[in-house]
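Containing compact mmCIF, C-alpha atoms: structure26.txt.
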# COMPACT_ATOMS: atom_id res chain seq x y z
CA MET A 225 139.11 219.85 159.68
CA ALA A 226 137.78 216.31 160.34
CA CYS A 227 137.47 213.83 157.50
CA SER A 228 136.08 210.27 157.43
CA CYS A 229 138.59 208.03 155.68
CA SER A 230 137.08 204.61 156.25
CA GLY A 231 137.77 203.51 152.70
CA PRO A 232 136.01 204.03 149.36
CA GLU A 233 132.40 203.09 149.09
CA PRO A 234 131.53 200.39 146.56
CA GLN A 235 130.46 201.65 143.16
CA SER A 236 126.77 201.95 142.49
CA PRO A 237 125.26 199.51 139.98
CA ALA A 238 125.91 200.49 136.38
CA PRO A 239 123.30 202.70 134.69
CA GLY A 240 120.57 200.64 133.05
CA PHE A 241 121.04 197.61 135.31
CA ARG A 242 117.65 198.09 136.98
CA ARG A 243 115.84 198.20 133.62
CA ALA A 244 117.74 195.11 132.48
CA LEU A 245 116.61 193.29 135.63
CA TRP A 246 112.95 194.15 135.01
CA ILE A 247 113.18 192.80 131.45
CA ALA A 248 114.83 189.62 132.71
CA LEU A 249 112.18 189.24 135.40
CA TRP A 250 109.20 189.34 133.04
CA VAL A 251 110.84 187.07 130.47
CA ASN A 252 111.64 184.50 133.13
CA LEU A 253 108.14 184.58 134.65
CA ALA A 254 106.56 184.05 131.22
CA MET A 255 108.87 181.14 130.40
CA PHE A 256 108.25 179.55 133.80
CA PHE A 257 104.55 179.16 133.01
CA VAL A 258 105.22 178.01 129.42
CA GLU A 259 107.82 175.41 130.38
CA GLY A 260 105.90 174.31 133.45
CA VAL A 261 102.88 173.35 131.36
CA ALA A 262 105.07 171.77 128.68
CA SER A 263 106.98 169.68 131.20
CA LEU A 264 103.72 168.22 132.53
CA GLN A 265 102.50 167.44 129.03
CA SER A 266 105.76 165.87 127.85
CA GLY A 267 106.91 164.18 131.05
CA SER A 268 110.40 165.66 130.63
CA VAL A 269 112.59 166.05 133.72
CA SER A 270 114.96 168.45 131.95
CA LEU A 271 112.05 170.70 130.95
CA MET A 272 110.73 170.58 134.50
CA ALA A 273 114.20 171.48 135.80
CA ASP A 274 114.40 174.39 133.38
CA ALA A 275 110.92 175.61 134.39
CA ILE A 276 111.87 175.55 138.08
CA ASP A 277 115.06 177.38 137.18
CA PHE A 278 113.04 180.11 135.43
CA PHE A 279 110.94 180.50 138.57
CA GLY A 280 114.03 180.62 140.78
CA ASP A 281 115.62 183.23 138.55
CA SER A 282 112.47 185.35 138.72
CA ALA A 283 112.61 185.29 142.51
CA ASN A 284 116.30 186.16 142.37
CA TYR A 285 115.66 189.13 140.08
CA ILE A 286 113.02 190.43 142.49
CA LEU A 287 115.55 190.07 145.31
CA SER A 288 118.19 191.93 143.30
CA LEU A 289 115.78 194.76 142.52
CA SER A 290 114.95 195.03 146.23
CA VAL A 291 118.58 195.59 147.29
CA LEU A 292 119.86 197.37 144.18
CA SER A 293 120.05 200.80 145.82
CA MET A 294 121.51 199.43 149.07
CA GLY A 295 125.15 199.09 150.06
CA MET A 296 127.59 196.29 149.34
CA LEU A 297 126.67 194.44 152.56
CA TRP A 298 123.02 193.97 151.61
CA ARG A 299 123.82 193.19 147.97
CA GLY A 300 126.28 190.59 149.18
CA ARG A 301 123.66 189.07 151.47
CA ALA A 302 121.19 188.92 148.57
CA ALA A 303 123.78 187.15 146.45
CA LEU A 304 124.43 184.72 149.30
CA VAL A 305 120.73 183.80 149.42
CA LYS A 306 120.70 183.32 145.65
CA GLY A 307 123.80 181.14 145.72
CA ILE A 308 122.31 178.89 148.38
CA THR A 309 119.02 178.73 146.43
CA MET A 310 120.80 177.69 143.23
CA THR A 311 122.67 174.96 145.08
CA ILE A 312 119.45 173.59 146.58
CA PHE A 313 117.79 173.72 143.15
CA GLY A 314 120.59 171.58 141.70
CA MET A 315 120.13 169.00 144.43
CA ILE A 316 116.35 168.87 143.82
CA VAL A 317 116.92 168.22 140.11
CA TRP A 318 119.22 165.32 140.94
CA VAL A 319 116.64 163.79 143.27
CA ARG A 320 113.89 164.16 140.66
CA ALA A 321 116.05 162.59 137.94
CA LEU A 322 116.80 159.58 140.16
CA TRP A 323 113.10 159.17 140.96
CA VAL A 324 112.07 159.25 137.27
CA MET A 325 114.84 156.80 136.43
CA GLN A 326 113.29 154.33 138.83
CA GLN A 327 109.82 154.86 137.31
CA GLY A 328 111.07 154.12 133.79
CA THR A 329 108.89 156.67 131.92
CA THR A 330 109.93 158.15 128.55
CA PRO A 331 109.23 161.85 127.72
CA GLU A 332 107.75 163.20 124.49
CA PRO A 333 110.63 164.66 122.40
CA LEU A 334 108.75 167.03 120.05
CA THR A 335 107.42 169.18 122.89
CA MET A 336 110.85 169.11 124.54
CA GLY A 337 112.59 170.38 121.42
CA THR A 338 110.04 173.05 120.54
CA ILE A 339 109.81 174.55 124.01
CA GLY A 340 113.56 174.21 124.48
CA LEU A 341 114.12 176.32 121.34
CA LEU A 342 111.66 178.96 122.53
CA ALA A 343 113.36 179.10 125.92
CA LEU A 344 116.78 179.37 124.25
CA VAL A 345 115.69 182.42 122.25
CA ALA A 346 114.32 184.06 125.40
CA ASN A 347 117.44 183.37 127.44
CA VAL A 348 119.90 184.44 124.77
CA CYS A 349 118.11 187.78 124.55
CA VAL A 350 118.29 188.19 128.35
CA ALA A 351 121.94 187.08 128.42
CA LEU A 352 122.86 189.67 125.79
CA ILE A 353 121.12 192.39 127.80
CA LEU A 354 122.95 191.39 131.01
CA PHE A 355 126.35 190.65 129.43
CA ARG A 356 127.80 194.09 130.16
CA TYR A 357 127.13 193.66 133.90
CA ARG A 358 128.88 190.29 134.33
CA ASP A 359 131.98 191.76 136.03
CA GLY A 360 130.19 193.77 138.75
CA ASP A 361 129.74 192.85 142.41
CA SER A 362 128.59 189.42 143.57
CA ASP A 363 124.91 190.30 143.12
CA MET A 364 125.42 191.50 139.54
CA ARG A 365 127.60 188.50 138.76
CA SER A 366 124.96 186.13 140.14
CA VAL A 367 122.38 187.64 137.76
CA TRP A 368 124.72 187.11 134.81
CA LEU A 369 125.50 183.52 135.84
CA CYS A 370 121.79 182.72 136.12
CA SER A 371 121.18 183.99 132.60
CA ARG A 372 124.25 182.23 131.16
CA ASN A 373 123.33 178.92 132.78
CA ASP A 374 119.78 179.16 131.44
CA ALA A 375 120.98 179.51 127.85
CA ILE A 376 123.31 176.53 128.27
CA SER A 377 120.48 174.52 129.82
CA ASN A 378 118.19 175.24 126.87
CA LEU A 379 120.77 173.90 124.43
CA ALA A 380 121.07 170.83 126.60
CA VAL A 381 117.28 170.32 126.65
CA MET A 382 117.19 170.44 122.84
CA ALA A 383 120.03 167.92 122.66
CA ALA A 384 118.11 165.71 125.09
CA ALA A 385 115.02 165.92 122.88
CA LEU A 386 117.05 164.67 119.91
CA GLY A 387 118.48 161.90 122.06
CA VAL A 388 115.06 160.79 123.28
CA PHE A 389 113.73 160.84 119.72
CA GLY A 390 116.63 158.80 118.39
CA THR A 391 116.79 156.23 121.18
CA ALA A 392 113.16 156.08 122.40
CA SER A 393 114.70 156.15 125.88
CA ALA A 394 114.52 158.52 128.84
CA TRP A 395 118.27 158.37 129.41
CA PRO A 396 119.20 161.48 127.35
CA ASP A 397 116.62 163.50 129.30
CA LEU A 398 117.91 162.18 132.62
CA VAL A 399 121.56 162.81 131.75
CA VAL A 400 120.81 166.40 130.74
CA ALA A 401 118.78 166.94 133.91
CA ALA A 402 121.74 165.68 135.95
CA ILE A 403 124.10 168.05 134.10
CA MET A 404 121.74 170.97 134.73
CA GLY A 405 121.62 170.09 138.40
CA THR A 406 125.41 169.94 138.60
CA LEU A 407 125.73 173.27 136.79
CA ALA A 408 123.35 174.89 139.28
CA ILE A 409 125.31 173.49 142.21
CA THR A 410 128.71 174.68 140.93
CA ALA A 411 127.38 178.14 140.03
CA GLY A 412 125.68 178.41 143.41
CA VAL A 413 128.90 177.55 145.25
CA SER A 414 130.79 180.16 143.16
CA ILE A 415 128.23 182.85 144.00
CA VAL A 416 128.32 181.98 147.71
CA ARG A 417 132.10 182.34 147.77
CA HIS A 418 131.96 185.70 145.97
CA ALA A 419 129.16 186.92 148.23
CA ARG A 420 131.06 185.98 151.39
CA THR A 421 134.04 187.99 150.13
CA ASP A 422 131.82 191.03 149.47
CA ILE A 423 130.20 190.72 152.91
CA ALA A 424 133.59 190.44 154.62
CA GLN A 425 134.89 193.53 152.79
CA ALA A 426 131.75 195.50 153.68
CA ASN A 427 132.10 194.52 157.34
CA GLU A 428 135.75 195.58 157.33
CA ARG A 429 134.80 199.01 155.99
CA ALA A 430 132.20 199.34 158.74
CA LYS A 431 134.73 198.44 161.44
CA THR A 432 137.46 200.78 160.19
CA PRO A 433 137.46 203.87 162.49
CA ALA A 434 137.23 207.31 160.98
CA LYS A 435 140.55 209.11 160.92
CA SER A 436 141.01 212.77 161.71
CA LEU A 437 143.15 214.88 159.44
CA PRO A 438 144.61 218.24 160.50
CA GLY A 439 142.50 221.12 159.31
Can you dump the structure from the file as structure tokens?
Amino acid sequence: MACSCSGPEPQSPAPGFRRALWIALWVNLAMFFVEGVASLQSGSVSLMADAIDFFGDSANYILSLSVLSMGMLWRGRAALVKGITMTIFGMIVWVRALWVMQQGTTPEPLTMGTIGLLALVANVCVALILFRYRDGDSDMRSVWLCSRNDAISNLAVMAAALGVFGTASAWPDLVVAAIMGTLAITAGVSIVRHARTDIAQANERAKTPAKSLPG
């Protein structure tokens, strides 16, 4: 009797993960529009960075939903794309912060604080929904890291608003934007490393020949 023994297949995503992704997607899309408008009104780089991050996360959730029922190889590739995207996002935030620093403009702190609090509530809710999936494959972990980083970023934006209010300077906003950019870069590198491991393992399973057992 012949039997294929090429190694165990990766576990399917945990039950409820797809529904959690859809919730996260719609929350992030809504907050992208809210923070995008607020960042233009207030002139805040950290709010703009957070708005772009919401948009990036929305695209990542769509990507995760597209490959959710596929094998480890495709989920790893999706995570790889997301990791690279997060790294590029962090670099863009750094460039924007340096540009605003040269312009010398000061953001409006009340809008920063109010919208930052609203975004924090939204992201904490999403993070709690996704918390149980944080130890899955690279794609599931990337979703959790996105949500965790967003909540941390919102706290930072609120702190920046207080700093701008107290100092009448753009420096708190610029420092927070730089921190957010660095956080995106480090998380992106972590996801890329995890994704490459998943892809390598999936390729090894595909290359392992089927073994025949005596019937």
### Message
Which residue is closest to Ile376 in chain A? Choose from A:Met404, A:Ala392, A:Leu287, A:Leu398 and count all atoms listed in the file.
### Response
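Counting all atoms listed in the file, the residue closest to Ile376 in chain A is A:Met404.
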### Message
With all atoms listed in the file as the counted atoms, please give the residues lying no more than 10 Å from range 416-420 of chain A, apart from itself and same-chain residues fewer than 5 positions off, as number ranges by chain.
### Response
A: 296-311, 361-363, 365-366, 410-411, 425-426
### Query
Quick one: residues within 9 Å of Asp274 in chain A, all atoms listed in the file counted, chain neighbours fewer than 5 positions away excluded, as a list in words?
Phe256, Glu259, Gly260, Val269, Phe279, Gly340, Ala343, Asp374, Ser377, Asn378, Val381, Ala401 and Met404 of chain A
### Task
Measuring atom to atom with all atoms listed in the file, identify which of A:Phe241, A:Ala408, A:Gly328, A:Val261 is nearest to Gly280 in chain A.
A:Ala408
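Among the candidates A:Ala351, A:Ala383, A:Ile403, A:Trp323, the residue lying nearest to Leu369 in chain A is A:Ala351 (atoms considered: only C-alpha atoms).
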### Task
Pick out the closest residue to Asp281 in chain A from this set: A:Thr391, A:Asn252, A:Ser266, A:Asn373. Count only C-alpha atoms.
A:Asn252
### Counting only C-alpha atoms, the option among A:Ala384, A:Ile286, A:Leu253, A:Leu407 closest to Pro331 in chain A
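Residue with the minimum atom-to-atom distance to Pro331 in chain A: A:Ala384.
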### Query
Which residue out of A:Leu344, A:Met325, A:Leu249, A:Leu334 has the minimum interatomic distance to Ser393 in chain A when all atoms listed in the file are used?
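Looking at the shortest contact to Ser393 in chain A, the residue is A:Met325.
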Mind working out the centre and edge lengths of an axis-aligned box for range 274-284 of chain A, all listed atoms inside, 3 Å added to each side, rounded to one decimal in Å and written as lines of an AutoDock Vina configuration file?
center_x = 113.6
center_y = 180.3
center_z = 137.9
size_x = 11.4
size_y = 17.8
size_z = 15.1
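The interatomic distance for the pair CA of Ala244 in chain A and CA of Ala275 in chain A works out to 20.7 Å.
If you look at CA of Thr338 in chain A and CA of Leu352 in chain A, they are 21.6 Å away from each other.
Taking CA of Trp246 in chain A and CA of Ile312 in chain A as the two end points, the separation is 24.5 Å.
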